[in-house]
Structures are given as C-alpha cells and as structure tokens.
Amino acid sequence: IKSVPTQEIPSLQGNPEFHVDPILGTYYLSLNLEDPAFENVNVRKALSLAIDRDYVANTLMQGTYSPAYNLVGEGWVDTDGSSFNANANGGQSYISDDFDANLEEAKKLLADAGYPNGEGLPTITYTTNDAGYHKVVAEYLQQAWGELGVNVEVNIVEWSSFTPMRRNGEYMVARNGWVGDYSDPSNMLDLFCTGNGNNDGKFSNADFDAAIEASKVADKSVHFQKLHEAEDILMNDYGCIPLAYYNDFWLQSPSLKGTWHSPYGYWYLQYGYIEE
C-alpha cells in the first residue's frame, strides 16, 4: 500500500509492515532573491538557522522525512561510489544540528544585518499549497521565525496557482522541492544556475555558474570536485534553505519477499514472491 494516510502514521511506528526508505529528493525553501528583504546574506542565514530541522522531520512530519543539513542528501553518489552528502564540506554538514546554538547565532546575525529582534524587517509572506505536511510546516515557520521577532504571514493557495506563482516570482518565501531522476548530484545543483527554468528563487552567482560549467567534463574526479565546489558556494551564500529529505513510506506484508525499493521512488516487483 503506497498511499498511507498521514493520520495513521503514529499508530504504525514499530509495525514490521510499515517501511520508510530514502529517495533522491530534498524539500527546501525558495527565497525570492530579487526581494530587497533578502539582499543581506545574514538575513538568509538567520532564517535558515532558526529552523529546528529535527523537529520538522521527526515530529511535524512524523519521521516520514529526514532532517536536511545539506542540499544534496543521502543516496547521491560521489566519484568513487561513496556518499556525496558524506563527503560535502570536508565531511561536515553545512548547518549544525545543534539547534539551540543555531538559534542564538541567528539572533546575532539578524542584529548584524540591521534588524535587531526583527525590527525593521518587512513582514515575510510564506506561500505554500495545502497538502500533506505543507500547512503544518508553514505554521511552524511562522512560529520559528517569530522567535527572531520576524512577522510571518502564511499564504495558502491552490496547487493549480501555486507553481505558476512560484515560477513567476510572485512570492517572498515559498516551499519547494526536487526529486532526482538520475543519481548524479548535478541533477539537484543545476537547478540553481542563472537562468535555469527551475531556479524559482532567481539565485545568481558567477562562481557557482562557473563551477557547474567546469563540472561538465569526462574526468570524474574533476566533475565531482567542481560539484562539491558548487554546493559549497550555494550553501555558504544561502541561495536556498534545505529543510528535509524525502522518503517513501508504505505498508508491505512480511510475507512478500524479493521486492526492491529504488531511491528513484520506484518499487521493483518482478522477483517478488509470497512466502507461506
């Protein structure tokens, strides 16, 4: 059963029929970088650090997502087949999992940007559609950024309107996400190149673009080195705010054997059989 109602998940924890497995995707926030409110990198960084990702993934999302401290999550491979995520930033996450320390730093950064206790920063409108966990995440962000003194209004729109609004830049902050269709990390990082049609935040950094362009070579070591450089630039410039990594969750009878769940989000049943 692939469509497990979210309200049933608490009762399914620990059940051998309930499975959670990573897929190649990241739930992130797009900041409209053409908005003057986000011109200062310290504002962007403060908004990122004020989010308790463990709470979001494991409490709000009931463990069906995993906390995201990098953009490129688990499952994406590096030059030698190891984890690209584990090798990023010298083996360290870009964002610490020490939320209390992060929150204190966020308050200082906002003050350094000229907005002590959020004073003077315009009200942030957060746009999302009302499905799955999106609304509860929006309500959490309203509370979390409120800890910085930032006023947040939540704008819930229909799905049919949401994507065009985000694509056209008709928002301040919006939920976003990407699930890869091939395992090279360029599939995720290319989204943030200047002029990319999926670059909804309009991130534009010449060094990032140059690193992506330099990665387009046959030499694997150079290819992956340049992709790591590109992620370094994106994450240090807070061109987006990673929130959680996508997982698939489903119910499967213990008697069903020989099946395989792919990180691309597919189930392979051709070798499946029922064990009596």
# chains A, B, ... in the order shown; residues from 1 in each chain; ligands from 1
$ residues_around --residues "Asn70 in chain A" --least-positions-apart "2" --cutoff "10 Å" --atoms "only C-alpha atoms" --output "PyMOL selection string"
chain A and resi 26+67-68+72-74+85-86+88-89+92-96+231-232+235+241-245
$ select_by_dssp --residues "range 71-163 of chain A" --states "strand (DSSP E or B)" --output "JSON, numbers by chain"
{"A": [77, 83, 124, 125, 126, 127, 128, 129, 152, 153, 154, 155, 156, 157]}
$ residues_around --residues "range 203-220 of chain A" --least-positions-apart "3" --cutoff "9 Å" --atoms "only C-alpha atoms" --output "PyMOL selection string"
chain A and resi 31-34+78-80+186+189-190+192-195+199-200+223-234+237+239-240
$ select_by_dssp --residues "range 88-157 of chain A" --states "alpha helix (DSSP H)" --output "PyMOL selection string"
chain A and resi 99-112+134-146
$ atom_distance --atom1 "CA of Asn58 in chain A" --atom2 "CA of Gly118 in chain A"
28.0 Å
$ closest_residue --among "A:Thr259, A:Thr125, A:Ser66, A:Asn15" --to "Tyr27 in chain A" --atoms "only C-alpha atoms"
A:Ser66
$ closest_residue --among "A:Ile23, A:Leu60, A:Ile51, A:Leu109" --to "Gln142 in chain A" --atoms "only C-alpha atoms"
A:Ile51
